[in-house]
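> Pasting target_28.txt below, which is compact mmCIF, C-alpha atoms.
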```
# COMPACT_ATOMS: atom_id res chain seq x y z
CA MET A 25 5.85 -34.92 45.17
CA SER A 26 8.43 -37.62 45.84
CA VAL A 27 11.74 -38.02 44.00
CA ALA A 28 10.17 -41.04 42.24
CA ASP A 29 7.24 -38.88 41.05
CA ILE A 30 9.62 -36.27 39.69
CA THR A 31 11.70 -38.94 37.97
CA LEU A 32 8.53 -40.38 36.44
CA ALA A 33 7.40 -36.95 35.29
CA LEU A 34 10.77 -36.27 33.66
CA MET A 35 10.70 -39.67 31.98
CA SER A 36 7.19 -39.01 30.64
CA ALA A 37 8.32 -35.67 29.29
CA THR A 38 11.23 -37.37 27.54
CA VAL A 39 8.94 -39.98 26.03
CA ILE A 40 6.58 -37.23 24.83
CA ASN A 41 9.52 -35.38 23.26
CA ILE A 42 10.67 -38.54 21.51
CA ILE A 43 7.14 -39.19 20.26
CA SER A 44 6.80 -35.66 18.87
CA MET A 45 10.21 -35.87 17.21
CA ASP A 46 9.14 -39.16 15.76
CA MET A 47 5.86 -37.75 14.49
CA SER A 48 7.64 -34.88 12.84
CA ARG A 49 9.69 -37.49 10.93
CA TRP A 50 6.38 -38.57 9.43
CA GLU A 51 5.80 -35.08 8.02
CA PRO A 52 8.48 -34.58 5.40
CA ASN A 53 8.30 -31.17 3.66
CA ALA A 54 5.29 -30.29 5.81
CA ARG A 55 5.76 -26.59 5.13
CA ASP A 56 5.87 -27.04 1.36
CA ARG A 57 2.92 -29.42 1.37
CA LEU A 58 0.87 -26.97 3.45
CA ALA A 59 1.82 -24.03 1.23
CA ARG A 60 0.88 -25.92 -1.93
CA ALA A 61 -2.42 -27.17 -0.46
CA ALA A 62 -3.26 -23.65 0.74
CA LEU A 63 -2.52 -22.04 -2.61
CA ASP A 64 -4.57 -24.66 -4.48
CA LEU A 65 -7.54 -24.07 -2.16
CA TYR A 66 -7.22 -20.26 -2.35
CA ALA A 67 -7.22 -20.53 -6.15
CA GLU A 68 -10.18 -22.94 -6.20
CA ARG A 69 -12.43 -21.41 -3.52
CA GLY A 70 -11.03 -17.97 -2.82
CA PHE A 71 -8.76 -16.90 0.04
CA GLU A 72 -11.54 -15.72 2.38
CA GLN A 73 -13.55 -18.93 1.94
CA THR A 74 -10.69 -21.30 2.82
CA THR A 75 -10.16 -22.45 6.41
CA VAL A 76 -6.96 -23.69 8.03
CA ALA A 77 -8.75 -27.00 8.76
CA GLU A 78 -9.31 -27.47 5.02
CA ILE A 79 -5.71 -26.63 4.21
CA ALA A 80 -4.40 -29.13 6.77
CA LYS A 81 -6.80 -31.81 5.51
CA ARG A 82 -5.78 -31.28 1.87
CA ALA A 83 -2.11 -31.53 2.88
CA GLY A 84 -2.81 -34.68 4.95
CA LEU A 85 -1.59 -32.91 8.09
CA THR A 86 -3.11 -31.43 11.24
CA GLU A 87 -4.11 -27.85 12.00
CA ARG A 88 -1.50 -27.93 14.75
CA THR A 89 1.18 -28.67 12.18
CA PHE A 90 -0.11 -25.77 10.08
CA PHE A 91 0.29 -23.38 13.02
CA ARG A 92 3.79 -24.70 13.70
CA HIS A 93 4.77 -23.38 10.26
CA PHE A 94 2.50 -20.37 9.66
CA ALA A 95 0.96 -17.79 11.98
CA ASP A 96 -2.19 -17.60 9.83
CA LYS A 97 -3.67 -18.18 6.36
CA ARG A 98 -2.15 -15.00 5.01
CA GLU A 99 1.39 -15.87 6.03
CA VAL A 100 1.39 -18.72 3.50
CA LEU A 101 1.30 -16.05 0.80
CA PHE A 102 3.66 -13.53 2.36
CA SER A 103 6.35 -15.42 4.27
CA GLY A 104 8.40 -15.74 1.06
CA GLY A 105 8.69 -11.94 0.99
CA VAL A 106 11.37 -11.98 3.68
CA GLU A 107 13.63 -14.22 1.60
CA LEU A 108 12.95 -12.18 -1.54
CA GLN A 109 13.90 -9.01 0.30
CA GLU A 110 17.11 -10.57 1.65
CA THR A 111 18.07 -11.71 -1.85
CA MET A 112 17.42 -8.27 -3.32
CA VAL A 113 19.29 -6.45 -0.54
CA GLY A 114 22.17 -8.92 -0.97
CA GLY A 115 22.22 -8.12 -4.70
CA VAL A 116 22.40 -4.36 -4.02
CA LEU A 117 25.15 -4.71 -1.42
CA GLY A 118 27.07 -7.19 -3.57
CA ALA A 119 27.15 -5.00 -6.67
CA HIS A 120 30.61 -3.72 -7.69
CA ALA A 121 31.73 -0.74 -5.63
CA SER A 122 31.87 1.42 -8.75
CA ALA A 123 28.30 0.54 -9.82
CA ALA A 124 25.92 3.50 -10.13
CA PRO A 125 22.98 3.40 -7.64
CA ILE A 126 20.50 2.41 -10.35
CA ASP A 127 22.77 -0.44 -11.45
CA ALA A 128 23.15 -1.67 -7.87
CA VAL A 129 19.34 -1.65 -7.52
CA ALA A 130 19.02 -3.43 -10.87
CA ALA A 131 21.42 -6.14 -9.62
CA GLY A 132 19.23 -6.59 -6.53
CA LEU A 133 15.99 -6.75 -8.52
CA VAL A 134 17.41 -9.23 -11.02
CA ALA A 135 18.72 -11.45 -8.19
CA GLY A 136 15.25 -11.47 -6.60
CA ALA A 137 13.61 -12.02 -9.98
CA ALA A 138 15.77 -15.10 -10.59
CA THR A 139 14.46 -16.75 -7.42
CA LEU A 140 10.87 -15.95 -8.43
CA GLN A 141 11.51 -17.33 -11.91
CA GLU A 142 12.58 -20.65 -10.34
CA ARG A 143 9.27 -20.85 -8.49
CA ARG A 144 7.13 -19.43 -11.26
CA GLY A 145 4.36 -22.02 -10.86
CA PHE A 146 3.83 -20.92 -7.28
CA ALA A 147 4.37 -17.24 -8.11
CA PHE A 148 1.77 -17.21 -10.93
CA LYS A 149 -0.85 -18.99 -8.86
CA ARG A 150 -0.11 -16.69 -5.92
CA ALA A 151 -0.51 -13.61 -8.15
CA GLY A 152 -3.94 -14.86 -9.25
CA VAL A 153 -5.05 -15.37 -5.64
CA ILE A 154 -3.86 -11.88 -4.68
CA ALA A 155 -5.52 -10.22 -7.67
CA ALA A 156 -8.86 -11.68 -6.49
CA SER A 157 -8.76 -10.09 -3.01
CA ALA A 158 -8.67 -6.39 -2.11
CA GLU A 159 -7.25 -7.24 1.33
CA LEU A 160 -4.40 -9.24 -0.18
CA GLN A 161 -3.68 -6.53 -2.74
CA GLU A 162 -3.29 -4.06 0.11
CA ARG A 163 -0.91 -6.42 1.88
CA GLU A 164 1.09 -6.76 -1.35
CA LEU A 165 1.38 -2.97 -1.64
CA ILE A 166 2.70 -2.83 1.90
CA LYS A 167 5.22 -5.54 1.05
CA LEU A 168 6.43 -3.53 -1.94
CA ALA A 169 6.77 -0.41 0.22
CA THR A 170 8.81 -2.38 2.75
CA LEU A 171 10.96 -3.67 -0.09
CA ALA A 172 11.52 -0.10 -1.31
CA SER A 173 12.66 0.92 2.20
CA ALA A 174 15.03 -2.04 2.40
CA LEU A 175 16.58 -1.22 -1.01
CA SER A 176 16.91 2.41 0.03
CA ASP A 177 18.69 1.36 3.27
CA ALA A 178 21.03 -0.86 1.24
CA LEU A 179 21.91 2.06 -1.05
CA ARG A 180 22.64 4.26 1.97
CA GLN A 181 24.95 1.51 3.24
CA ARG A 182 26.76 1.87 -0.09
CA GLY A 183 27.23 5.56 0.70
CA VAL A 184 24.43 6.90 -1.52
CA GLY A 185 22.91 10.07 -0.05
CA GLU A 186 19.30 11.27 0.13
CA PRO A 187 17.07 11.86 -1.78
CA THR A 188 19.00 9.80 -4.37
CA ALA A 189 18.77 6.58 -2.33
CA SER A 190 14.99 6.79 -1.82
CA LEU A 191 14.31 7.90 -5.36
CA THR A 192 16.43 5.15 -6.91
CA ALA A 193 14.82 2.52 -4.67
CA GLN A 194 11.29 3.76 -5.45
CA ALA A 195 12.07 3.87 -9.17
CA GLY A 196 13.43 0.32 -8.87
CA ILE A 197 10.19 -0.83 -7.25
CA ALA A 198 8.23 0.86 -10.05
CA VAL A 199 10.31 -1.14 -12.55
CA PHE A 200 9.76 -4.34 -10.56
CA HIS A 201 6.01 -3.73 -10.25
CA VAL A 202 5.54 -3.22 -13.99
CA ALA A 203 7.86 -6.09 -15.00
CA PHE A 204 6.10 -8.43 -12.56
CA ALA A 205 2.66 -7.55 -13.96
CA ARG A 206 3.90 -8.26 -17.52
CA TRP A 207 5.44 -11.54 -16.40
CA VAL A 208 2.17 -12.74 -14.90
CA ASP A 209 0.05 -11.45 -17.81
CA GLU A 210 2.17 -13.08 -20.46
CA GLY A 211 2.38 -16.47 -18.74
CA ASN A 212 5.48 -18.49 -19.52
CA GLU A 213 6.55 -16.48 -22.57
CA LEU A 214 9.14 -14.25 -20.94
CA GLU A 215 11.52 -14.59 -17.99
CA LEU A 216 11.25 -12.14 -15.11
CA PRO A 217 14.95 -11.16 -14.95
CA ALA A 218 14.83 -10.22 -18.66
CA LEU A 219 11.59 -8.28 -18.13
CA ILE A 220 13.22 -6.35 -15.27
CA ARG A 221 16.07 -5.34 -17.58
CA ASP A 222 13.59 -4.36 -20.33
CA SER A 223 11.53 -2.26 -17.92
CA LEU A 224 14.61 -0.51 -16.66
CA ASP A 225 15.65 0.33 -20.23
CA GLU A 226 12.12 1.57 -20.80
CA LEU A 227 12.33 3.73 -17.68
CA ARG A 228 15.58 5.24 -18.94
CA ALA A 229 13.93 6.03 -22.27
CA VAL A 230 10.79 7.41 -20.60
CA THR A 231 12.62 9.72 -18.20
CA ALA A 232 14.83 10.92 -21.05
CA GLY A 233 11.56 12.15 -22.61
CA ALA A 234 10.92 9.51 -25.27
CA THR A 235 7.35 9.64 -26.65
CA MET B 22 -56.53 9.72 7.15
CA SER B 23 -58.65 12.75 6.14
CA VAL B 24 -57.61 15.41 3.66
CA ALA B 25 -57.13 17.74 6.64
CA ASP B 26 -54.77 15.20 8.28
CA ILE B 27 -52.75 14.92 5.07
CA THR B 28 -52.58 18.70 4.75
CA LEU B 29 -51.44 18.95 8.35
CA ALA B 30 -48.81 16.25 7.80
CA LEU B 31 -47.49 18.02 4.71
CA MET B 32 -47.39 21.33 6.58
CA SER B 33 -45.46 19.69 9.44
CA ALA B 34 -43.01 18.22 6.99
CA THR B 35 -42.54 21.67 5.45
CA VAL B 36 -41.97 23.23 8.85
CA ILE B 37 -39.43 20.50 9.71
CA ASN B 38 -37.67 21.15 6.40
CA ILE B 39 -37.56 24.87 7.08
CA ILE B 40 -36.22 24.27 10.58
CA SER B 41 -33.46 21.96 9.33
CA MET B 42 -32.53 24.43 6.60
CA ASP B 43 -32.46 27.10 9.24
CA MET B 44 -30.23 25.02 11.54
CA SER B 45 -27.81 24.36 8.73
CA ARG B 46 -27.53 28.14 8.31
CA TRP B 47 -26.13 28.12 11.84
CA GLU B 48 -23.33 25.78 10.77
CA PRO B 49 -21.25 27.76 8.31
CA ASN B 50 -18.24 25.83 6.97
CA ALA B 51 -19.25 22.83 9.08
CA ARG B 52 -17.11 20.51 6.97
CA ASP B 53 -13.99 22.66 7.33
CA ARG B 54 -14.55 23.17 11.05
CA LEU B 55 -14.97 19.41 11.57
CA ALA B 56 -11.89 18.61 9.51
CA ARG B 57 -9.76 21.10 11.43
CA ALA B 58 -11.07 19.93 14.81
CA ALA B 59 -10.46 16.29 13.85
CA LEU B 60 -6.92 16.94 12.67
CA ASP B 61 -6.08 18.90 15.82
CA LEU B 62 -7.36 16.07 17.99
CA TYR B 63 -5.60 13.36 15.96
CA ALA B 64 -2.36 15.33 16.32
CA GLU B 65 -2.86 15.89 20.08
CA ARG B 66 -4.17 12.48 21.16
CA GLY B 67 -3.55 10.15 18.25
CA PHE B 68 -5.99 9.00 15.58
CA GLU B 69 -7.09 5.80 17.33
CA GLN B 70 -7.77 7.57 20.62
CA THR B 71 -10.05 10.26 19.15
CA THR B 72 -13.82 9.73 19.00
CA VAL B 73 -16.32 11.34 16.64
CA ALA B 74 -18.11 12.74 19.71
CA GLU B 75 -14.92 14.59 20.68
CA ILE B 76 -14.42 15.92 17.15
CA ALA B 77 -17.99 17.23 17.02
CA LYS B 78 -17.66 18.83 20.45
CA ARG B 79 -14.37 20.53 19.55
CA ALA B 80 -15.98 21.89 16.36
CA GLY B 81 -19.06 23.05 18.31
CA LEU B 82 -21.28 20.77 16.22
CA THR B 83 -23.18 17.53 16.65
CA GLU B 84 -22.12 13.96 15.81
CA ARG B 85 -25.03 13.91 13.37
CA THR B 86 -23.51 16.83 11.51
CA PHE B 87 -20.17 15.01 11.43
CA PHE B 88 -21.78 11.99 9.77
CA ARG B 89 -23.55 14.25 7.25
CA HIS B 90 -20.08 15.25 6.01
CA PHE B 91 -17.88 12.21 6.64
CA ALA B 92 -18.54 8.46 6.64
CA ASP B 93 -16.05 7.93 9.48
CA LYS B 94 -12.98 9.33 11.27
CA ARG B 95 -10.65 8.17 8.54
CA GLU B 96 -12.50 9.93 5.75
CA VAL B 97 -11.51 13.29 7.25
CA LEU B 98 -7.94 12.45 6.26
CA PHE B 99 -8.61 10.84 2.88
CA SER B 100 -11.58 12.60 1.29
CA GLY B 101 -9.21 15.23 -0.18
CA GLY B 102 -7.53 12.47 -2.21
CA VAL B 103 -10.38 12.43 -4.73
CA GLU B 104 -9.88 16.11 -5.54
CA LEU B 105 -6.10 15.69 -5.69
CA GLN B 106 -6.50 12.81 -8.12
CA GLU B 107 -8.90 14.81 -10.32
CA THR B 108 -6.47 17.72 -10.40
CA MET B 109 -3.55 15.47 -11.34
CA VAL B 110 -5.51 13.61 -14.02
CA GLY B 111 -6.70 16.99 -15.38
CA GLY B 112 -3.07 18.11 -15.56
CA VAL B 113 -2.03 14.99 -17.49
CA LEU B 114 -4.94 15.26 -19.94
CA GLY B 115 -4.46 19.01 -20.35
CA ALA B 116 -0.74 18.81 -21.22
CA HIS B 117 0.15 19.81 -24.78
CA ALA B 118 -0.57 17.05 -27.31
CA SER B 119 3.12 16.91 -28.22
CA ALA B 120 4.28 16.50 -24.58
CA ALA B 121 6.24 13.31 -23.84
CA PRO B 122 4.48 10.95 -21.38
CA ILE B 123 6.84 11.89 -18.55
CA ASP B 124 6.19 15.59 -19.15
CA ALA B 125 2.42 15.04 -19.16
CA VAL B 126 2.75 13.19 -15.82
CA ALA B 127 4.98 15.97 -14.49
CA ALA B 128 2.30 18.52 -15.45
CA GLY B 129 -0.27 16.49 -13.50
CA LEU B 130 1.94 16.09 -10.44
CA VAL B 131 2.82 19.80 -10.37
CA ALA B 132 -0.86 20.76 -10.68
CA GLY B 133 -1.70 18.52 -7.72
CA ALA B 134 1.31 19.77 -5.78
CA ALA B 135 0.15 23.37 -6.22
CA THR B 136 -3.17 22.59 -4.50
CA LEU B 137 -1.33 20.87 -1.63
CA GLN B 138 1.03 23.82 -1.33
CA GLU B 139 -1.99 26.12 -0.83
CA ARG B 140 -3.16 23.95 2.07
CA ARG B 141 0.26 23.21 3.48
CA GLY B 142 -0.75 23.80 7.12
CA PHE B 143 -3.37 21.05 6.83
CA ALA B 144 -1.11 18.84 4.69
CA PHE B 145 1.84 18.99 7.15
CA LYS B 146 -0.34 18.25 10.16
CA ARG B 147 -2.06 15.43 8.26
CA ALA B 148 1.32 13.93 7.31
CA GLY B 149 2.32 13.87 11.00
CA VAL B 150 -0.91 12.10 11.97
CA ILE B 151 -0.44 9.50 9.23
CA ALA B 152 3.21 8.88 10.12
CA ALA B 153 2.07 7.99 13.67
CA SER B 154 -0.31 5.19 12.61
CA ALA B 155 0.49 1.98 10.74
CA GLU B 156 -3.16 1.65 9.66
CA LEU B 157 -3.16 5.16 8.17
CA GLN B 158 0.18 4.59 6.44
CA GLU B 159 -1.32 1.53 4.76
CA ARG B 160 -4.31 3.56 3.65
CA GLU B 161 -1.94 6.22 2.25
CA LEU B 162 -0.07 3.58 0.24
CA ILE B 163 -3.36 2.40 -1.22
CA LYS B 164 -4.22 5.99 -2.12
CA LEU B 165 -0.88 6.37 -3.93
CA ALA B 166 -1.47 3.10 -5.82
CA THR B 167 -4.92 4.34 -6.87
CA LEU B 168 -3.33 7.61 -7.98
CA ALA B 169 -0.77 5.66 -10.06
CA SER B 170 -3.61 3.76 -11.77
CA ALA B 171 -5.47 6.99 -12.50
CA LEU B 172 -2.35 8.60 -14.02
CA SER B 173 -1.74 5.47 -16.07
CA ASP B 174 -5.36 5.57 -17.37
CA ALA B 175 -4.92 9.24 -18.26
CA LEU B 176 -1.77 8.44 -20.25
CA ARG B 177 -3.58 5.68 -22.11
CA GLN B 178 -6.30 8.22 -22.96
CA ARG B 179 -3.49 10.29 -24.52
CA GLY B 180 -2.65 7.28 -26.69
CA VAL B 181 0.37 6.06 -24.70
CA GLY B 182 0.72 2.26 -24.92
CA GLU B 183 1.67 -0.32 -22.30
CA PRO B 184 3.99 -0.87 -20.49
CA THR B 185 5.05 2.77 -21.05
CA ALA B 186 1.88 4.20 -19.50
CA SER B 187 2.14 2.13 -16.29
CA LEU B 188 5.87 2.63 -15.97
CA THR B 189 5.67 6.39 -16.46
CA ALA B 190 2.80 6.66 -13.97
CA GLN B 191 4.63 4.51 -11.38
CA ALA B 192 7.83 6.51 -11.86
CA GLY B 193 5.78 9.70 -11.44
CA ILE B 194 4.37 8.41 -8.16
CA ALA B 195 7.92 7.54 -7.02
CA VAL B 196 8.90 11.15 -7.76
CA PHE B 197 5.83 12.45 -5.93
CA HIS B 198 6.45 10.17 -2.92
CA VAL B 199 10.06 11.32 -2.49
CA ALA B 200 9.29 15.01 -3.13
CA PHE B 201 6.40 14.90 -0.66
CA ALA B 202 8.60 13.36 2.07
CA ARG B 203 11.23 16.09 1.54
CA TRP B 204 8.53 18.79 1.62
CA VAL B 205 7.22 17.56 4.97
CA ASP B 206 10.70 17.00 6.43
CA GLU B 207 11.99 20.41 5.50
CA GLY B 208 8.96 22.31 6.79
CA ASN B 209 8.24 25.57 5.06
CA GLU B 210 11.63 25.93 3.38
CA LEU B 211 10.75 24.60 -0.05
CA GLU B 212 7.60 24.54 -2.20
CA LEU B 213 6.18 21.20 -3.29
CA PRO B 214 5.85 22.00 -7.03
CA ALA B 215 9.57 22.95 -7.12
CA LEU B 216 10.49 19.78 -5.19
CA ILE B 217 8.54 17.69 -7.72
CA ARG B 218 10.56 19.25 -10.55
CA ASP B 219 13.81 18.68 -8.62
CA SER B 220 12.96 15.03 -7.94
CA LEU B 221 12.10 14.46 -11.58
CA ASP B 222 15.47 15.96 -12.64
CA GLU B 223 17.10 13.68 -10.06
CA LEU B 224 15.25 10.66 -11.46
CA ARG B 225 16.49 11.53 -14.95
CA ALA B 226 20.07 11.75 -13.64
CA VAL B 227 19.69 8.52 -11.62
CA THR B 228 18.29 6.43 -14.47
CA ALA B 229 20.99 7.80 -16.78
CA GLY B 230 23.43 6.17 -14.35
CA ALA B 231 24.73 9.15 -12.36
CA THR B 232 26.56 8.12 -9.19
```
Take the structure I supplied and represent it as structure tokens, if you would.


Amino acid sequence: MSVADITLALMSATVINIISMDMSRWEPNARDRLARAALDLYAERGFEQTTVAEIAKRAGLTERTFFRHFADKREVLFSGGVELQETMVGGVLGAHASAAPIDAVAAGLVAGAATLQERRGFAFKRAGVIAASAELQERELIKLATLASALSDALRQRGVGEPTASLTAQAGIAVFHVAFARWVDEGNELELPALIRDSLDELRAVTAGAT
Amino acid sequence: MSVADITLALMSATVINIISMDMSRWEPNARDRLARAALDLYAERGFEQTTVAEIAKRAGLTERTFFRHFADKREVLFSGGVELQETMVGGVLGAHASAAPIDAVAAGLVAGAATLQERRGFAFKRAGVIAASAELQERELIKLATLASALSDALRQRGVGEPTASLTAQAGIAVFHVAFARWVDEGNELELPALIRDSLDELRAVTAGAT
């Protein structure tokens, strides 16, 4: 290979890079468009029955673009869990130093709930898709268990010992689980942060032995 | 086929039946022997690495006998869950009519815990096998979710409304989860029914806002 060949090769590579950068400028909000197209198709045809090719087509994008944003079909539904977890952990860690463990967890849950409330259209449709698939329900349970671990870690960072940290985190997830189910069942009637607070009050009453 | 042929065929079938009955007499406690052999192998080599052929050999039985008792390798670890669930549901339904929902759930959890305590050798070894496999941990989470649903149904049968029934059941499972982890971690030091009661007291303190 001569120096000229190498120069040509480098120039071609540069042109290719410029072309791909340029193409990506033609795909504004590609991730959002793909996520919305995927969710619509999962709701219409079922998660199992939808292919990545169909999702890309509905979004007016290519399969390659899909795989630049998501590892697979399932990740469209679960990638938001990372952000939700970070928000909740941030809420626990950011609670006042004098807050009781349950109040720190409540702050985390309410912070996470507020972000879900903002995206309630997506969240409701997503919940319907998950309810229709045993595989996705299992994945959701695993996500909740991971969330419980993360909240428990955050409490330990606040100096809460065991088993208090685990128990408070698990109880918090129980509150979240029940509040979330009510939120989805009752449509737009009630806001998730308020339902979280209600469920926590209910948990207090229940554990105190109310009938 | 003549009448004699039919008679002969029926006699053969009878002889075959007698032989199989006789062979099964040579396999006392086949199910228990298979379960113990399987658990030992899972603990020694890992769940994924163990084959049904190896389990049968270790138990001194055939693969065919294994499949008469278990659908697959995983069922050895999870078939006991049905009995545990029945015991817990029985405990909830059998609690005094005046018992608060949380006390009815506690009665169910303690009844289930007592049966696990009796088989603690198996339960501890099983917990170690499950902790070593992501797939089995997922299955265990699903089992706990199913248990929560069953406890919630039992509460509704007692006339408890929603969301109290779901919340109490989920909180009960949180208590069970944490108590079970302590039981396994601390070896033979503490009994599971007592740990369940401790965790429930802790949950009461936590939700009341103890720090």

> Enter the distance from atom CA of Arg57 of chain B to atom CA of Glu162 of chain A, in Å, rounded to one decimal.

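Result for atom CA of Arg57 of chain B versus atom CA of Glu162 of chain A: 28.3 Å, one decimal.
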
> Residues of chain A within 7 Å of chain B, counting only C-alpha atoms, what are they? List them as a ChimeraX atom specification.

/A:124-126,162,165-166,190-192,194-195,198-199,202,227-228,230-235

> Residual C-alpha RMSD for chain A onto chain B, least squares, all atoms in order?

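Across all paired C-alpha atoms, the RMSD is 0.2 Å.
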
> Could you work out how far atom CA of Tyr66 of chain A lies from atom CA of Ile79 of chain A, giving the answer in Å with one decimal?

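Atom CA of Tyr66 of chain A lies 9.3 Å from atom CA of Ile79 of chain A.
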
> Go ahead and compute the interatomic distance for atom CA of Leu130 of chain B and atom CA of Met109 of chain B, in Å to one decimal.

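These atoms are spaced 5.6 Å apart.
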
> Determine, counting all atoms listed in the file, which protein, DNA and RNA residues have an atom within 12 Å of an atom of Glu107 of chain B; residues of the same chain fewer than 3 positions away are not included. Present the result as a short mmCIF file (atom, residue, chain, number, x, y, z; two decimals) with C-alpha atoms, in the frame of the given file.


```cif
data_model
loop_
_atom_site.label_atom_id
_atom_site.label_comp_id
_atom_site.auth_asym_id
_atom_site.auth_seq_id
_atom_site.Cartn_x
_atom_site.Cartn_y
_atom_site.Cartn_z
CA GLY B 101 -9.21 15.23 -0.18
CA GLY B 102 -7.53 12.47 -2.21
CA VAL B 103 -10.38 12.43 -4.73
CA GLU B 104 -9.88 16.11 -5.54
CA VAL B 110 -5.51 13.61 -14.02
CA GLY B 111 -6.70 16.99 -15.38
CA GLY B 112 -3.07 18.11 -15.56
CA VAL B 113 -2.03 14.99 -17.49
CA LEU B 114 -4.94 15.26 -19.94
CA GLY B 115 -4.46 19.01 -20.35
CA GLY B 129 -0.27 16.49 -13.50
CA LEU B 130 1.94 16.09 -10.44
CA ALA B 132 -0.86 20.76 -10.68
CA GLY B 133 -1.70 18.52 -7.72
CA THR B 136 -3.17 22.59 -4.50
CA THR B 167 -4.92 4.34 -6.87
CA LEU B 168 -3.33 7.61 -7.98
CA ALA B 171 -5.47 6.99 -12.50
CA LEU B 172 -2.35 8.60 -14.02
CA ALA B 175 -4.92 9.24 -18.26
#
```

> Which residues are near Arg69 of chain A? Cut-off 12 Å, only C-alpha atoms, ignore same chain within fewer than 3 positions. Put them as a ChimeraX atom specification.

/A:61-66,72-75,78-79,153,156-157

> List the neighbours of segment 96-99 of chain B out to 7 Å using all atoms listed in the file; skip same-chain residues closer than 5 positions along the sequence, and give me the result as a PyMOL selection string.

chain B and resi 56+91+147

> Which protein, DNA or RNA residues are at most 12 Å from (-21.1, 16.1, 8.7) in the file's coordinates when you count only C-alpha atoms, listed as number ranges by chain?

B: 45, 48-56, 59, 73-74, 76-77, 80, 82-94, 96-97

> Quick one: segment 129-140 of chain A from the block, N, CA, C and O atoms, as a PDB file, in the first residue's frame.


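Once everything was written out, this is selection-v4.pdb:
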```
ATOM      1  N   VAL A 129     -37.186   6.658  52.212  1.00  0.00           N
ATOM      2  CA  VAL A 129     -37.667   5.809  51.112  1.00  0.00           C
ATOM      3  C   VAL A 129     -38.874   6.460  50.445  1.00  0.00           C
ATOM      4  O   VAL A 129     -38.966   6.490  49.217  1.00  0.00           O
ATOM      5  N   ALA A 130     -39.773   7.006  51.247  1.00  0.00           N
ATOM      6  CA  ALA A 130     -40.961   7.666  50.684  1.00  0.00           C
ATOM      7  C   ALA A 130     -40.533   8.819  49.763  1.00  0.00           C
ATOM      8  O   ALA A 130     -41.093   8.985  48.671  1.00  0.00           O
ATOM      9  N   ALA A 131     -39.521   9.579  50.177  1.00  0.00           N
ATOM     10  CA  ALA A 131     -39.034  10.694  49.345  1.00  0.00           C
ATOM     11  C   ALA A 131     -38.528  10.161  48.003  1.00  0.00           C
ATOM     12  O   ALA A 131     -38.790  10.746  46.950  1.00  0.00           O
ATOM     13  N   GLY A 132     -37.821   9.029  48.048  1.00  0.00           N
ATOM     14  CA  GLY A 132     -37.308   8.413  46.822  1.00  0.00           C
ATOM     15  C   GLY A 132     -38.442   7.938  45.918  1.00  0.00           C
ATOM     16  O   GLY A 132     -38.438   8.190  44.707  1.00  0.00           O
ATOM     17  N   LEU A 133     -39.419   7.264  46.504  1.00  0.00           N
ATOM     18  CA  LEU A 133     -40.539   6.731  45.718  1.00  0.00           C
ATOM     19  C   LEU A 133     -41.339   7.869  45.080  1.00  0.00           C
ATOM     20  O   LEU A 133     -41.732   7.782  43.912  1.00  0.00           O
ATOM     21  N   VAL A 134     -41.570   8.919  45.845  1.00  0.00           N
ATOM     22  CA  VAL A 134     -42.359  10.045  45.334  1.00  0.00           C
ATOM     23  C   VAL A 134     -41.604  10.759  44.200  1.00  0.00           C
ATOM     24  O   VAL A 134     -42.206  11.139  43.194  1.00  0.00           O
ATOM     25  N   ALA A 135     -40.274  10.874  44.352  1.00  0.00           N
ATOM     26  CA  ALA A 135     -39.474  11.489  43.283  1.00  0.00           C
ATOM     27  C   ALA A 135     -39.587  10.669  42.000  1.00  0.00           C
ATOM     28  O   ALA A 135     -39.789  11.211  40.902  1.00  0.00           O
ATOM     29  N   GLY A 136     -39.473   9.340  42.128  1.00  0.00           N
ATOM     30  CA  GLY A 136     -39.607   8.461  40.959  1.00  0.00           C
ATOM     31  C   GLY A 136     -41.017   8.545  40.383  1.00  0.00           C
ATOM     32  O   GLY A 136     -41.204   8.592  39.162  1.00  0.00           O
ATOM     33  N   ALA A 137     -41.997   8.573  41.262  1.00  0.00           N
ATOM     34  CA  ALA A 137     -43.401   8.623  40.836  1.00  0.00           C
ATOM     35  C   ALA A 137     -43.685   9.893  40.036  1.00  0.00           C
ATOM     36  O   ALA A 137     -44.451   9.873  39.070  1.00  0.00           O
ATOM     37  N   ALA A 138     -43.044  10.998  40.428  1.00  0.00           N
ATOM     38  CA  ALA A 138     -43.273  12.262  39.722  1.00  0.00           C
ATOM     39  C   ALA A 138     -42.800  12.158  38.276  1.00  0.00           C
ATOM     40  O   ALA A 138     -43.467  12.655  37.358  1.00  0.00           O
ATOM     41  N   THR A 139     -41.679  11.466  38.051  1.00  0.00           N
ATOM     42  CA  THR A 139     -41.195  11.331  36.662  1.00  0.00           C
ATOM     43  C   THR A 139     -42.127  10.417  35.863  1.00  0.00           C
ATOM     44  O   THR A 139     -42.357  10.647  34.674  1.00  0.00           O
ATOM     45  N   LEU A 140     -42.670   9.386  36.514  1.00  0.00           N
ATOM     46  CA  LEU A 140     -43.625   8.509  35.811  1.00  0.00           C
ATOM     47  C   LEU A 140     -44.909   9.266  35.495  1.00  0.00           C
ATOM     48  O   LEU A 140     -45.500   9.091  34.424  1.00  0.00           O
TER      49      LEU A 140
END
```
